[in-house]
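Since the structure comes first, as structure tokens, the remarks are kept for the end.
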Amino acid sequence: MKRIVIHMFLKPEPTVKDLKGLVESAGLTLDQLLEMYYEMSLIREFEEAIGAKYYEGKNPFNMASGPIRGEMHLSSGQEAVAVGVGSNLRKEDVVVSTHRPHHHAIAKGTDVRKLAAEIFGKSTGLCGGKGGHMHLFDKEVRFSCSGIVGASFPQAAGAAFAFKYRGEDNVAVAFAGEGAANHGTFYETLNAASLWELPLILVVEDNMYADSTPKSIALATPHHFQRAMSLNIPSYLVDGMDVIDVYLATRKAVQRARSGGGPSLIEAVTYRFRGHFEGDGQEYRERDEVEMWRLMDPITRLGNRLTKLGVEKERLEERRKKAKEKVDEALKFAEESPYPEPSTALTGVFR
Amino acid sequence: MKRIVIHMFLKPEPTVKDLKGLVESAGLTLDQLLEMYYEMSLIREFEEAIGAKYYEGKNPFNMASGPIRGEMHLSSGQEAVAVGVGSNLRKEDVVVSTHRPHHHAIAKGTDVRKLAAEIFGKSTGLCGGKGGHMHLFDKEVRFSCSGIVGASFPQAAGAAFAFKYRGEDNVAVAFAGEGAANHGTFYETLNAASLWELPLILVVEDNMYADSTPKSIALATPHHFQRAMSLNIPSYLVDGMDVIDVYLATRKAVQRARSGGGPSLIEAVTYRFRGHFEGDGQEYRERDEVEMWRLMDPITRLGNRLTKLGVEKERLEERRKKAKEKVDEALKFAEESPYPEPSTALTGVFR
Amino acid sequence: MKMKGISQAIAQGIAQEMERRNDIVVLGEDVTYWGAVFGFTMGLFDKFGRKRVVDTPITEQTFMGMAVGMASVGLHPVVSLMFVDFLGAGFDQMYNHMAKNHYMSGGQFPMPVTVITAVGGGYGDAEQHSQVLYGLFAHVPGFKVVVPSNAYDAKGLTIRALRDPNPVVIFGHKLLTGLPFLPYEGEEDEVPEEPYELEFGRAIVKTEGSDLTVASVGVMVHRAMRVAEKLRKEGISVEVVDLRTLVPLDEETLSRSVKKTGRLLIVDEDYMSYGMTGEVAFRIQSRAFRELKAPIQRLTVPDVPIPFSEPLEREVIPSEAKIEAKIREMVR
Amino acid sequence: MKMKGISQAIAQGIAQEMERRNDIVVLGEDVTYWGAVFGFTMGLFDKFGRKRVVDTPITEQTFMGMAVGMASVGLHPVVSLMFVDFLGAGFDQMYNHMAKNHYMSGGQFPMPVTVITAVGGGYGDAEQHSQVLYGLFAHVPGFKVVVPSNAYDAKGLTIRALRDPNPVVIFGHKLLTGLPFLPYEGEEDEVPEEPYELEFGRAIVKTEGSDLTVASVGVMVHRAMRVAEKLRKEGISVEVVDLRTLVPLDEETLSRSVKKTGRLLIVDEDYMSYGMTGEVAFRIQSRAFRELKAPIQRLTVPDVPIPFSEPLEREVIPSEAKIEAKIREMVR
Ligand SMILES: Cc1ncc(C[n+]2csc(CCOP(=O)(O)OP(=O)(O)O)c2C)c(N)n1
Ligand SMILES: Cc1ncc(C[n+]2csc(CCOP(=O)(O)OP(=O)(O)O)c2C)c(N)n1
Ligand SMILES: [Mg+2]
Ligand SMILES: [Mg+2]
């Protein structure tokens with residue numbers, strides 16, 4: 001089954017020869033690929049650790065208890081999208097993300113210690129504990145997100161507008177799910193970005209579901225990309241479980257944006273291995289489906305390719321281990337950090 | 001110039017032979033065409049009369065004074081769209097219109113007396129004077145409108161949903177401008193309507209401007225229709241100055257909708273001869289342009305065709321005269337009607 | 001039957017009306033498998049299928065607008081706005097159309113729409129998923145605003161809404177849903193199996209007292225009642241009034257209470273300024289001016305977004321401890 | 001220089017700041033040829049061109065969201081919301097993001113955004129083009145709410161807004177714009193040519209009096225002043241306070257006035273319930289409880305949409321006649 005599945009995806013898995021050619025034409029070195037492997041591992045380890053912590057003190061399950069409260073949306077399975085895009089970005093570029101923001105934040109370069117601390121609601125967190133998991137802001141790397149579906153598109157467009165206005169060659173990226181792309185803001189932003197040739201990249205992570213709603217009952221078409229094309233925006237449908245495919249499309253989109261060519265859309269077909277949020281009973285999908293997609297785990301897939309390209313297993317394991325250590329350290333930092341002073345809740349509405 | 005202009009439009013003006021063929025294939029009789037001529041004349045006469053009344057007591061110009069207060073958006077030039085669509089509709093069908101609603105209302109069959117009275121703010125008006133020109137409601141013929149741009153799309157979709165739900169073969173029509181079609185609700189409604197195969201027809205009146213904003217600086221593309229096509233919705237780009245072209249496309253769309261086939265889009269290229277609203281200085285367009293479009297006046301154009309098809313001038317004039325009489329009578333009715341009791345302002349929020 | 005929480009009560013009310021009538025259609029995000037996340041539509045999908053229980057794309061403006069269109073031709077849509085916080089994505093269709101079309105059309109177009117939305121914080125979901133915002137709906141004319149505090153009220157008020165030819169917004173507090181994944185601050189209530197209606201605009205005295213009146217809605221009613229219970233043992237006699245609906249507002253019951261106690265504390269989970277507390281205070285100072293022994297006071301979310309971290313969230317949402325302290329201060 | 005109306009004043013304020021600073025960009029519908037319809041951006045297109053004065057497609061949610069994004073990387077967008085009535089098409093980006101991001105980001109992301117919007121009725125434009133709605137913005141935390149009543153204030157408050165690192169919404173009443181196509185209810189004001197700032201949160205006593213205080217903003221200030229003028233001749237002494245900004249609200253000035261007069265009438269063009277009047281009343285009953293001789297009263301738009309027809313519109317929007325009657329009733 002494993003072989004079959006991999007081969008039935010967007011493109012057939014390349015032979016070693018074709019893989020070498022692909023990597024070369026992408027202008028990627030093995031070291032860069034290893035770095036992507038590390039980044040994806042860092043995200044996965046981070047979220048697995050957060051996921052585990054989230055359930056502490058939640059037996060029976062209750063969102064309000066335990067060291068991490070509220071909703072928790074993890075991205076396991078979608079790491080290749082974040083890293084394939086993020087590898088093309090600079091610190092000055094803007095990323096606006098969603099209710100499912102960890103992978104984007106880490107791929108943009110947010111310090112995982114501050115990220116973890118924010119998720120724990122600690123004073124050392126990115127926002128001093130005010131934001132939490134769904135409202136992450138990191139001015140340092142120009143990252144922000146919102147728990148409101150569809151909100152990321154225009155905000156990134158606004159940043160792109162500012163870059164163009166000031167003659168800077170930065171780009172702005174909005175991430176959103178395939179559910180969010182049904183929202184009017186997607187269309188409005190596409191029109192504005194195309195019209196004004198904004199250095200904007202919209203990345204739609206099509207993980208097949210919006211909450212409990214499969215895309216078959218929410219989209220009139222199988223994909224979104226042709227909607228953007230109808231607005232004269234170059235649009236890429238990519239294999240979101242293949243970091244190289246995401247990287248390649250993003251490279252073109254970023255080049256276009258930086259050089260004044262205008263916006264692009266990247267639609268990445270992907271899957272979330274976990275529920276929409278933690279605690280999700282997942283009545284809306286079959287277990288088999290999840291299992292099938294797990295066979296395409298983007299981290300394993302890249303690992304296999306690296307092995308095929310001659311990288312020793314040890315080097316991969318070493319990267320994975322380093323990622324885990326970094327995550328352990330971040331969680332330790334977060335857990336040991338103090339909570340914010342209650343009085344800080346009353347300040348900061350206005351500057 | 002006249003000849004040239006007419007020939008440079010969407011399609012060349014047909015020869016008499018081709019015209020006969022066209023009318024035949026449309027299944028239209030001369031009487032029906034004469035009726036359309038009458039309807040269009042009625043709209044034109046109505047709006048010219050309202051336009052003239054509007055300026056009474058407004059010298060110097062002040063929106064708050066005179067017998068008709070507030071903004072006034074007239075449709076002169078766009079009559080073919082309203083009538084081409086309206087001729088395909090039944091009383092039970094729903095029409096949801098915009099801030100520029102008179103032509104749609106009349107084409108849907110609203111009583112011009114009650115319409116005029118409402119515009120004058122009289123108790124005998126459609127809404128007892130509460131609505132006025134931009135908020136016309138006529139339950140009798142299932143007509144409503146809204147001054148909020150983009151609001152018509154989902155409301156018509158809701159009515160279409162109800163028809164389908166109850167197994168009725170009525171259709172719902174949303175009118176909107178090319179400016180409104182940039183709004184997110186357009187896209188959201190297209191997706192929902194396509195997804196649920198609603199008996200919905202979206203009619204975009206592309207009159208080149210949204211307020212003072214030419215479409216060249218608001219649309220990333222020359223037209224909207226391909227946006228709807230990207231959502232699998234059959235879409236017609238029609239000559240909005242040619243009632244037969246509008247009629248033909250609408251006939252297909254209505255057939256499709258009534259028989260359960262789902263939504264269609266009709267994008268009608270047209271022009272408003274007057275300003276966006278009365279009092280508009282029209283700094284944003286050249287006078288020549290207006291003059292050029294006036295050469296394509298849809299009423300004159302249909303009149304010319306009817307003459308070519310052998311209808312005597314007198315019959316046309318007689319229709320026009322009848323329209324004028326009806327309008328005169330409606331305005332008389334409106335002017336003579338009493339204002340509503342002030343106390344009625346305080347009732348009717350809740351039923 | 002015994003019932004824990006408002007979700008089951010609301011869902012039961014809808015189901016019973018749907019059985020009787022074909023004009024009711026439920027729509028919104030995740031109203032099938034997930035019962036609108038907070039259970040207000042749970043079980044309806046199994047009973048009535050996708051024809052009458054419709055998952056929409058994530059398009060608030062559009063499905064709210066569709067509800068307007070549906071109502072205009074005789075359906076009675078029940079629309080889920082998953083969290084009230086999302087109103088901004090669809091507010092135009094609500095306050096400019098749903099709320100106004102009956103009036104503006106001179107009575108031609110009734111708008112029988114029932115909107116059900118989840119509100120409130122206290123479980124760590126922060127600013128965009130913890131607001132209450134009924135103040136916004138209560139301010140614009142044309143909505144009836146219902147905030148049930150218990151299962152019995154929730155069912156009766158829901159059925160009332162479904163028989164009302166006007167737009168009604170039901171604000172269900174998450175901490176009163178009775179769902180296992182959230183804290184529960186209510187009681188077990190006795191709820192009749194058969195359908196019944198409760199009238200709008202009828203406040204209810206939940207706890208009688210003579211020293212001070214607390215006016216409130218939703219989860220705050222329970223907090224106030226627990227504080228009243230505690231203080232009673234110390235000889236401080238607090239009367240707790242559950243307003244139940246903000247529009248229409250039962251000034252009569254509340255002012256009767258304030259005339260008796262002479263003191264009013266309004267406890268509210270919405271933002272402090274320009275909202276519910278100011279309005280209630282206005283009406284009462286106007287009706288009980290002579291009887292008031294001291295200025296009306298309020299305990300609300302100070303004008304800040306709801307922060308995430310537990311100590312911060314606890315600082316801004318009125319707690320039992322804060323209610324108690326405020327009452328002690330007022331009766332001193 | 002002499003100036004008639006707030007539009008010229010606001011536009012001049014923006015122009016002067018734009019000359020000094022490159023970070024200001026103006027965007028919205030019809031902000032070029034039409035100066036945002038109500039003149040708030042008139043002349044800017046000629047001076048600064050399309051690069052800095054940007055007509056947007058009709059997409060409120062998107063251009064409001066763009067303003068959030070622009071502000072996040074250091075621009076100071078000036079956004080036109082043509083009529084406040086259209087807020088529903090873009091409210092989410094306003095109250096959930098623009099207003100909150102500074103707080104939620106722990107102070108990392110200031111949101112220097114100035115929104116300018118036209119409000120008010122009285123010229124026959126009906127429900128969807130005649131609202132005031134500042135109550136909605138004043139209720140949700142994170143906006144400063146500015147309602148200028150004259151050209152001098154308008155210019156100074158606009159420049160203040162453009163130097164404020166926070167979201168400020170300026171509500172310009174159409175009947176104070178001074179544009180030829182609308183009635184004008186203001187005066188000619190002396191407005192300094194050079195730029196100047198006025199502080200937020202400073203109410204101003206427009207007319208001194210001792211029998212009763214009228215609190216108001218915008219066009220109602222003028223109506224109240226004219227009534228005060230008239231009644232003075234009869235020996236009824238009315239003090240008129242122009243609040244100027246609702247957030248922050250200058251309770252100090254108003255309560256000082258009420259402590260003196262003992263009577264407060266709040267006159268407001270927004271909807272009556274759950275809005276401005278309740279809030280102002282709350283604050284004053286709390287600060288001037290002992291000094292109040294009678295209940296605070298209000299004159300507002302009763303809770304109905306603004307109807308079209310002149311006699312109906314006149315019935316619901318507070319007029320001089322209604323203000324006068326109310327004052328007479330209160331001082332009797
Ligand atoms: C305006 C708005 N409507 C609804 C929601 C509730 N909601 C949160 S996540 C979600 C599904 C999003 O699906 P998608 O965009 O595909 O992203 P995914 O969760 O799959 O990553 C919904 C409906 C919201 N947060 N905001
Ligand atoms: C949500 C909203 N935004 C802005 C406006 C102001 N407005 C009224 S008409 C109009 C232009 C509409 O243009 P279009 O849709 O092309 O229709 P047309 O006037 O050309 O018939 C605008 C911007 C409005 N009424 N509603
Ligand atoms: Mg998804
Ligand atoms: Mg147009």
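Numbering starts fresh at 1 for the residues of each chain in the structure tokens, the chains themselves are lettered A, B, ... in the order given, and ligands are numbered from 1 as they appear.
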For this session: Give the residues of chain C that lie within 8 Å of chain A; count only C-alpha atoms, and format the answer as a PyMOL selection string.
Result: chain C and resi 29-30+33-34+55-59+86+122-129+180-183+302+304-305+307-316
For this session: Could the residues of chain D within 9 Å of chain C, counting only C-alpha atoms, be given as number ranges by chain, please?
Result: D: 61, 85-96, 99-100, 103-104, 127-128, 133, 135-142, 271-283, 285-290, 294-297, 302-308
Exercise. Near chain B, which residues of chain A fall within 10 Å when you count only C-alpha atoms, and what do they look like as a PyMOL selection string?
Worked result: chain A and resi 181-197+216-233
Please write the residues from the selection above to a file, keeping C-alpha atoms, as a JSON list (two decimals), in the first residue's frame.
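For reference, out19.json as written:
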[["chain", "number", "residue", "atom", "x", "y", "z"],
["A", 181, "ALA", "CA", -10.19, 30.84, 1.06],
["A", 182, "ASN", "CA", -13.96, 30.62, 0.65],
["A", 183, "HIS", "CA", -14.21, 33.85, 2.58],
["A", 184, "GLY", "CA", -14.81, 37.09, 0.74],
["A", 185, "THR", "CA", -11.57, 38.59, 1.98],
["A", 186, "PHE", "CA", -9.68, 36.07, -0.15],
["A", 187, "TYR", "CA", -11.31, 37.31, -3.32],
["A", 188, "GLU", "CA", -11.16, 40.96, -2.35],
["A", 189, "THR", "CA", -7.49, 40.67, -1.56],
["A", 190, "LEU", "CA", -6.72, 38.83, -4.78],
["A", 191, "ASN", "CA", -8.34, 41.60, -6.77],
["A", 192, "ALA", "CA", -6.55, 44.36, -4.90],
["A", 193, "ALA", "CA", -3.19, 42.63, -5.03],
["A", 194, "SER", "CA", -3.46, 41.92, -8.71],
["A", 195, "LEU", "CA", -4.65, 45.43, -9.44],
["A", 196, "TRP", "CA", -1.85, 47.11, -7.51],
["A", 197, "GLU", "CA", 0.80, 44.46, -8.25],
["A", 216, "SER", "CA", -16.43, 18.58, -0.74],
["A", 217, "ILE", "CA", -19.37, 20.28, 0.92],
["A", 218, "ALA", "CA", -17.88, 23.77, 1.11],
["A", 219, "LEU", "CA", -16.13, 24.33, -2.20],
["A", 220, "ALA", "CA", -17.92, 24.43, -5.51],
["A", 221, "THR", "CA", -14.68, 23.36, -7.19],
["A", 222, "PRO", "CA", -11.93, 20.93, -6.19],
["A", 223, "HIS", "CA", -9.37, 23.72, -5.83],
["A", 224, "HIS", "CA", -8.96, 27.42, -5.31],
["A", 225, "PHE", "CA", -6.07, 28.17, -7.64],
["A", 226, "GLN", "CA", -8.15, 28.72, -10.75],
["A", 227, "ARG", "CA", -10.10, 31.38, -8.87],
["A", 228, "ALA", "CA", -6.90, 33.35, -8.44],
["A", 229, "MET", "CA", -5.98, 32.71, -12.06],
["A", 230, "SER", "CA", -9.26, 34.28, -13.11],
["A", 231, "LEU", "CA", -7.86, 37.45, -11.54],
["A", 232, "ASN", "CA", -4.62, 37.20, -13.53],
["A", 233, "ILE", "CA", -2.60, 35.94, -10.60]]
For this session: List the neighbours of Leu75 of chain C out to 8 Å using only C-alpha atoms; skip same-chain residues closer than 3 positions along the sequence, and give me the result as a ChimeraX atom specification.
Result: /B:162 /C:23-25,70-72,112
Problem set entry | Spatial neighbours of Ile204 of chain D, max dist 7 Å, only C-alpha atoms, sep filter under 4 positions, as a count of residues only | 3
Exercise. With only C-alpha atoms and all ligand atoms as the atoms that count, which of D:Ile170, D:Val84, D:Met18, D:Gln8 lies nearest to ligand 2?
Worked result: D:Val84
For this session: Tell me, in Å to one decimal, how far atom CA of Thr177 of chain C is from atom 12 (C, counted along the ligand's line) of ligand 1.
Result: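 Interatomic distance here is 22.6 Å.
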Problem set entry | Atom-to-atom span, atom CA of Ala268 of chain B and atom CA of Leu237 of chain B, Å | 6.0 Å
